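**Student:** Sharing a structure below in structure tokens format, with a few things to ask.
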Amino acid sequence: MIVTFLSKHEHETIEWGKNLGRLLAPGDVIGLFGDLGSGKTKTIQGICLGLECHDPVTSPTFTIINEYQGKYPIYHFDLYRIDSEQELYDLGYEEYFYDEGICLIEWAERIQPLLPSDHLEIHLKSFFQPGMDNVREIVLKILGSKILGRDWQVIQRR
């Protein structure tokens, strides 16, 4: 299943993420795909708000993983500096991916074969247009039968 949204401002991206966060459940793994500046961190900030987390959310570029507490534990990965899947094994990624928390993974394309069969993918693409704020297309892909039964279309209606 695929859900597409066009965000015309970063606050819309955050709000979309917030609506998505409200639908997440323990054990969900979400991979975010997109170029630098495409809105991955803003989307994650919104998701964390939807999960009732009010900690400052920043990209863990140098630490690789930030942990937050909301409705569920939240594990925020930034894999920009990861050079191999082995580095993720060394970090003990399986303890996070198969835990009862929510995993949010920036630069998920770097470890795509390691993602569980049931996961969400968020693909972000920016369109910088003169006179307009960050316009971006957000495509949510729902993969796997365990998570398919939720009303994912609701994030477009809010």
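Within each chain, counting starts at residue 1; across the structure tokens, chains are named A, B, ... in the order shown, with ligands numbered 1 upward in that order.
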If we count only C-alpha atoms, what is near A:Glu100 at a cut-off of 12 Å, once residues fewer than 3 positions away on the same chain are taken out, given as a list in words?
**Tutor:** Leu24, Ala25, Pro26, Gly27, Asp28, Val29, Lys71, Tyr72, Pro73, Ile74, Tyr75, Glu94, Glu95, Tyr96, Phe97 and Cys103 of chain A
**Student:** Could you work out how far atom CA of A:Tyr98 lies from atom CA of A:Gly70, giving the answer in Å with one decimal?
**Tutor:** 17.9 Å
**Student:** Give me the residues near A:Ile64 as a count of residues only, where near means some atom within 8 Å (using only C-alpha atoms) and where sequence neighbours in that chain fewer than 2 positions away do not count.
**Tutor:** 8
**Student:** Write out as a count of residues only all residues of chain A that backbone DSSP assigns to strand (DSSP E).
**Tutor:** 45
